[in-house]
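Enquirer: This one is query.cif, mmCIF, C-alpha atoms (C1' of nucleotides).
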```cif
data_my_file
loop_
_atom_site.label_atom_id
_atom_site.label_comp_id
_atom_site.auth_asym_id
_atom_site.auth_seq_id
_atom_site.Cartn_x
_atom_site.Cartn_y
_atom_site.Cartn_z
CA MET A 1 221.82 200.59 -38.79
CA LEU A 2 218.76 202.78 -38.41
CA SER A 3 219.28 206.48 -37.78
CA LYS A 4 217.84 208.25 -34.79
CA LYS A 5 214.97 209.54 -36.89
CA GLN A 6 214.24 206.15 -38.42
CA THR A 7 214.30 204.55 -34.98
CA ILE A 8 211.71 207.02 -33.70
CA GLU A 9 209.51 206.33 -36.72
CA VAL A 10 209.70 202.59 -36.16
CA LEU A 11 208.89 203.03 -32.47
CA ASP A 12 205.89 205.18 -33.40
CA VAL A 13 204.49 202.33 -35.48
CA ILE A 14 204.98 199.90 -32.61
CA ALA A 15 203.39 202.40 -30.21
CA GLU A 16 200.32 202.34 -32.40
CA MET A 17 200.18 198.57 -32.12
CA TYR A 18 200.58 198.57 -28.34
CA PRO A 19 199.47 201.98 -27.02
CA ASN A 20 198.99 200.70 -23.48
CA ALA A 21 202.07 198.52 -23.08
CA GLU A 22 203.21 198.39 -19.48
CA CYS A 23 204.70 196.02 -16.92
CA GLU A 24 202.37 193.05 -16.49
CA LEU A 25 203.81 191.68 -13.28
CA THR A 26 201.20 192.13 -10.57
CA HIS A 27 202.55 194.14 -7.64
CA SER A 28 201.49 196.95 -5.35
CA ASN A 29 204.81 198.35 -4.12
CA PRO A 30 208.52 198.41 -5.06
CA PHE A 31 209.40 195.45 -2.86
CA GLU A 32 206.73 193.26 -4.44
CA LEU A 33 207.87 194.34 -7.89
CA LEU A 34 211.46 193.46 -7.05
CA ILE A 35 210.42 189.99 -5.92
CA ALA A 36 208.20 189.50 -8.97
CA VAL A 37 210.95 190.49 -11.41
CA VAL A 38 213.45 188.20 -9.71
CA LEU A 39 210.95 185.36 -9.97
CA SER A 40 210.29 186.09 -13.63
CA ALA A 41 213.78 185.07 -14.75
CA GLN A 42 213.50 182.35 -17.40
CA CYS A 43 209.76 181.95 -17.15
CA THR A 44 206.75 183.92 -18.31
CA ASP A 45 205.05 186.74 -16.45
CA ALA A 46 201.79 184.80 -16.57
CA LEU A 47 203.38 182.00 -14.59
CA VAL A 48 204.75 184.43 -12.00
CA ASN A 49 201.36 186.10 -11.70
CA LYS A 50 199.80 182.79 -10.74
CA VAL A 51 202.03 182.60 -7.67
CA THR A 52 202.50 186.17 -6.48
CA PRO A 53 199.00 186.94 -5.14
CA GLY A 54 199.27 184.16 -2.57
CA LEU A 55 202.95 184.81 -2.04
CA PHE A 56 202.47 188.52 -1.32
CA GLU A 57 199.60 187.72 1.01
CA LYS A 58 201.93 185.55 3.06
CA TYR A 59 205.21 187.49 2.75
CA LYS A 60 204.79 191.23 3.10
CA LYS A 61 208.23 192.40 4.25
CA PRO A 62 211.85 191.29 3.83
CA GLU A 63 211.67 190.01 7.41
CA ASP A 64 208.98 187.54 6.40
CA TYR A 65 211.17 185.94 3.75
CA ILE A 66 214.10 185.78 6.18
CA ALA A 67 211.98 184.15 8.86
CA ALA A 68 210.60 181.44 6.62
CA PRO A 69 212.52 178.15 6.29
CA LEU A 70 214.12 177.80 2.86
CA GLU A 71 212.16 174.62 2.14
CA GLU A 72 208.89 176.38 2.85
CA LEU A 73 209.69 179.29 0.53
CA GLU A 74 210.73 176.80 -2.14
CA GLN A 75 207.41 175.06 -1.74
CA ASP A 76 205.55 178.36 -2.10
CA ILE A 77 207.15 179.03 -5.50
CA ARG A 78 207.52 175.41 -6.62
CA SER A 79 205.40 175.83 -9.73
CA ILE A 80 207.97 178.27 -11.14
CA GLY A 81 211.17 177.17 -12.83
CA LEU A 82 214.53 177.60 -11.05
CA PHE A 83 212.65 177.79 -7.76
CA ARG A 84 215.57 176.57 -5.64
CA SER A 85 218.01 179.30 -6.63
CA LYS A 86 215.24 181.86 -6.67
CA ALA A 87 214.21 181.03 -3.11
CA LYS A 88 217.81 181.31 -1.95
CA ASN A 89 218.27 184.60 -3.76
CA ILE A 90 215.12 186.09 -2.27
CA LYS A 91 216.25 185.23 1.25
CA LYS A 92 219.72 186.67 0.60
CA LEU A 93 218.27 189.73 -1.05
CA SER A 94 215.91 190.32 1.88
CA GLN A 95 218.83 190.05 4.29
CA SER A 96 220.77 192.67 2.33
CA LEU A 97 217.78 195.03 2.28
CA ILE A 98 217.53 194.85 6.08
CA GLU A 99 221.26 195.11 6.75
CA GLN A 100 222.26 197.71 4.18
CA TYR A 101 219.22 199.57 3.00
CA ASN A 102 217.10 200.01 6.13
CA GLY A 103 214.59 197.50 4.75
CA GLU A 104 213.81 199.68 1.73
CA VAL A 105 214.36 198.95 -1.95
CA PRO A 106 217.19 201.21 -3.16
CA HIS A 107 216.37 203.56 -6.04
CA GLU A 108 219.79 203.42 -7.69
CA ARG A 109 220.50 200.89 -10.41
CA ASP A 110 224.07 200.46 -9.18
CA GLU A 111 222.82 199.50 -5.73
CA LEU A 112 220.12 197.15 -7.00
CA VAL A 113 222.55 195.05 -9.04
CA LYS A 114 224.45 194.24 -5.85
CA LEU A 115 221.45 192.28 -4.59
CA ALA A 116 221.33 188.50 -5.03
CA GLY A 117 219.49 187.48 -8.17
CA VAL A 118 219.36 191.02 -9.50
CA GLY A 119 221.17 191.74 -12.75
CA ARG A 120 221.21 194.71 -15.05
CA LYS A 121 217.87 193.88 -16.62
CA THR A 122 216.01 193.40 -13.34
CA ALA A 123 217.54 196.56 -11.88
CA ASN A 124 216.41 198.60 -14.85
CA VAL A 125 212.86 197.31 -14.64
CA VAL A 126 212.63 198.13 -10.93
CA THR A 127 214.03 201.62 -11.23
CA SER A 128 211.85 202.48 -14.16
CA VAL A 129 208.57 200.84 -13.14
CA ALA A 130 208.72 201.39 -9.39
CA PHE A 131 210.52 204.72 -9.20
CA GLY A 132 209.91 206.33 -12.57
CA VAL A 133 213.59 206.59 -13.41
CA PRO A 134 214.13 206.53 -17.18
CA ALA A 135 215.67 203.20 -18.18
CA ILE A 136 215.72 200.66 -20.98
CA ALA A 137 215.93 197.10 -19.71
CA VAL A 138 217.31 194.87 -22.45
CA ASP A 139 215.87 191.37 -22.27
CA THR A 140 215.78 188.73 -25.00
CA HIS A 141 212.75 190.35 -26.65
CA VAL A 142 214.20 193.84 -26.78
CA GLU A 143 217.50 192.50 -28.05
CA ARG A 144 215.93 190.33 -30.75
CA VAL A 145 213.55 193.03 -31.99
CA SER A 146 216.24 195.71 -32.03
CA LYS A 147 218.50 193.49 -34.09
CA ARG A 148 215.84 192.37 -36.55
CA LEU A 149 214.69 195.92 -37.18
CA GLY A 150 218.26 197.13 -37.47
CA ILE A 151 218.06 199.56 -34.57
CA CYS A 152 221.34 198.07 -33.38
CA ARG A 153 223.92 195.70 -34.88
CA TRP A 154 223.57 191.92 -34.94
CA LYS A 155 226.86 191.44 -33.15
CA ASP A 156 226.07 193.86 -30.32
CA ASN A 157 226.10 192.42 -26.82
CA VAL A 158 223.40 193.30 -24.30
CA ARG A 159 225.35 196.28 -23.01
CA GLU A 160 225.86 197.66 -26.51
CA VAL A 161 222.20 197.18 -27.37
CA GLU A 162 221.24 199.19 -24.30
CA GLU A 163 223.68 201.98 -25.11
CA THR A 164 222.50 202.18 -28.71
CA LEU A 165 218.85 202.35 -27.68
CA MET A 166 219.56 205.09 -25.14
CA LYS A 167 221.45 207.02 -27.77
CA LYS A 168 218.69 206.81 -30.37
CA ILE A 169 215.63 207.25 -28.16
CA PRO A 170 214.79 210.50 -26.30
CA VAL A 171 215.03 210.03 -22.54
CA ASP A 172 211.37 210.74 -21.94
CA LEU A 173 210.48 207.79 -24.17
CA TRP A 174 212.86 205.22 -22.69
CA SER A 175 210.42 203.49 -20.35
CA ASP A 176 207.49 203.47 -22.76
CA SER A 177 209.68 202.28 -25.62
CA HIS A 178 211.02 199.48 -23.45
CA HIS A 179 207.56 198.10 -22.76
CA ARG A 180 206.40 198.54 -26.33
CA LEU A 181 209.42 196.66 -27.67
CA ILE A 182 208.72 193.86 -25.22
CA PHE A 183 205.06 193.59 -26.26
CA PHE A 184 206.05 193.69 -29.92
CA GLY A 185 208.62 190.97 -29.33
CA ARG A 186 206.35 188.77 -27.31
CA TYR A 187 203.18 189.00 -29.36
CA HIS A 188 204.28 189.77 -32.90
CA CYS A 189 208.02 189.64 -33.60
CA LYS A 190 208.25 186.30 -31.81
CA ALA A 191 211.54 184.45 -31.55
CA GLN A 192 210.52 181.26 -33.32
CA SER A 193 207.57 182.26 -35.50
CA PRO A 194 207.48 186.00 -36.13
CA ARG A 195 204.29 187.18 -37.83
CA CYS A 196 206.01 189.01 -40.64
CA GLU A 197 202.99 188.51 -42.95
CA THR A 198 200.90 190.89 -40.86
CA CYS A 199 203.67 193.21 -39.70
CA PRO A 200 203.23 196.93 -40.40
CA LEU A 201 207.02 197.24 -40.34
CA LEU A 202 207.68 194.63 -43.00
CA GLU A 203 208.68 197.15 -45.66
CA ARG A 204 211.36 198.55 -43.40
CA CYS A 205 212.53 195.20 -42.02
CA ARG A 206 215.38 193.46 -43.83
CA GLU A 207 215.07 190.43 -41.60
CA GLY A 208 211.33 190.14 -42.23
CA LYS A 209 211.68 190.35 -45.99
CA LYS A 210 214.47 187.82 -45.91
CA ARG A 211 212.26 185.45 -43.93
CA LEU A 212 209.28 185.80 -46.24
CA LYS A 213 211.46 185.29 -49.32
CA ALA A 214 212.85 182.14 -47.76
CA LYS A 215 209.28 180.90 -47.36
CA GLY A 216 208.44 181.86 -50.93
CA LEU A 217 205.91 184.44 -49.81
CA LEU A 218 207.64 187.47 -51.23
"C1'" DA B 1 231.71 183.02 -24.31
"C1'" DA B 2 229.69 178.86 -22.71
"C1'" DC B 3 227.29 176.42 -19.31
"C1'" DT B 4 223.82 175.57 -15.70
"C1'" DC B 5 219.51 175.80 -13.54
"C1'" DG B 6 214.02 173.76 -13.97
"C1'" DG B 7 208.89 173.47 -14.19
"C1'" DG B 8 205.22 174.86 -17.23
"C1'" DG B 9 203.41 175.75 -21.89
"C1'" DC B 10 202.91 174.44 -26.34
"C1'" DA B 11 203.43 172.00 -30.91
"C1'" DT C 1 208.59 163.98 -26.40
"C1'" DG C 2 211.19 167.93 -27.39
"C1'" DC C 3 211.95 172.65 -27.39
"C1'" DC C 4 211.52 177.27 -25.53
"C1'" DC C 5 210.82 180.85 -21.91
"C1'" DA C 6 210.63 189.27 -19.37
"C1'" DG C 7 218.15 185.91 -16.64
"C1'" DA C 8 221.81 185.63 -13.47
"C1'" DG C 9 225.88 183.44 -11.53
"C1'" DT C 10 229.94 180.76 -12.13
"C1'" DT C 11 233.95 179.17 -14.56
#
```
So that I can check it, write out the structure of this file as structure tokens.

Expert:
Amino acid sequence: MLSKKQTIEVLDVIAEMYPNAECELTHSNPFELLIAVVLSAQCTDALVNKVTPGLFEKYKKPEDYIAAPLEELEQDIRSIGLFRSKAKNIKKLSQSLIEQYNGEVPHERDELVKLAGVGRKTANVVTSVAFGVPAIAVDTHVERVSKRLGICRWKDNVREVEETLMKKIPVDLWSDSHHRLIFFGRYHCKAQSPRCETCPLLERCREGKKRLKAKGLL
DNA sequence: AACTCGGGGCA
DNA sequence: TGCCCAGAGTT
């Protein structure tokens, strides 16, 4: 496993590749971000961004989602996968915001995860992007990249990956590192076809060298 | 830990 | 066609 120092060095290289990595979900306030992140489960941000401009024009407050018939909300997000459960979750979530949080999006991760459709990953994104609270949201990209680079162990579960990252990365770099790891995972260290041939981290990546050897390229 | 949900994107 | 995708809930 990489040491703290090695982890920082690796993250510096990735930061050079993606100096402006940030959340790509279009939103203009915490509530919109929360909705966008919930919608983004198991589909790409690009797909969500096709729907949200019109959606946010029509639904501005939790009350608007509550007032709309379920079938209508489903129709408004139909082009996104899992739209049925997502529509239900958004209505439930809106109800909870009104009843328990005075219609506001709570700032605490522990409160956010109580909302329908909000898990640890979504809660971390909201707290960090909307409220500037340091957090590392571990999604499939962050997990895969961390394991391939040896920042954490292969057998680690999501919780362990998050703990390891928080331990090895200074708090003031948590949010930036999170977004950089996601960009690196999405655009370069891809799940199916990682671009190891052009990776500046190849020399330090056991997984990458193993892959290139298997392809006879090393 | 394994399974389910689901339409769009892409090879 | 077949496979995968910025996950979460249930069993």

Enquirer: One decimal, in Å: what's the spacing between atom CA of Leu201 of chain A and atom CA of Trp174 of chain A?

Expert: 20.2 Å

Enquirer: Residue by residue, what does the PyMOL selection byres ((chain B) within 10 of (chain A)) grab here? Present the result as a ChimeraX atom specification.

Expert: /B:5-9

Enquirer: On this structure, the PyMOL selection byres ((chain C) within 10 of (chain A)) would catch which residues? List them as number ranges by chain, sorted by chain and number.

Expert: C: 4-9

Enquirer: How far is it from atom CA of Lys4 of chain A to atom CA of Leu202 of chain A, in Å with one decimal?

Expert: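 So the two atoms, atom CA of Lys4 of chain A and atom CA of Leu202 of chain A, lie 18.9 Å apart.
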
Enquirer: Can you tell me how far atom CA of Pro170 of chain A sits from atom CA of Gln6 of chain A, in Å to one decimal?

Expert: 12.9 Å

Enquirer: Near Asp12 of chain A, counting all atoms listed in the file, which residues have an atom at most 10 Å away, once you skip same-chain residues fewer than 6 positions from it, shown as an MDAnalysis selection string?

Expert: chainID A and resid 6 18:19 177 180

Enquirer: Given the choices A:Met17, A:Ala46, A:Ala36, A:Val133, which gets closest to Leu173 of chain A if the distance is worked out from all atoms listed in the file?

Expert: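 Ranking A:Met17, A:Ala46, A:Ala36, A:Val133 by distance to Leu173 of chain A, first place goes to A:Val133.
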
Enquirer: Can you give me, as a list in words, the residues this file yields under the PyMOL selection byres ((chain B and resi 1) around 12)?

Expert: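 Answer for the PyMOL selection byres ((chain B and resi 1) around 12): Asn157 of chain A; DA2 and DC3 of chain B; DT11 of chain C.
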
Enquirer: Restricting the calculation to all atoms listed in the file, which member of A:Ile169, A:Leu212, A:Leu149, A:Leu34 is positioned closest to His107 of chain A?

Expert: A:Leu34
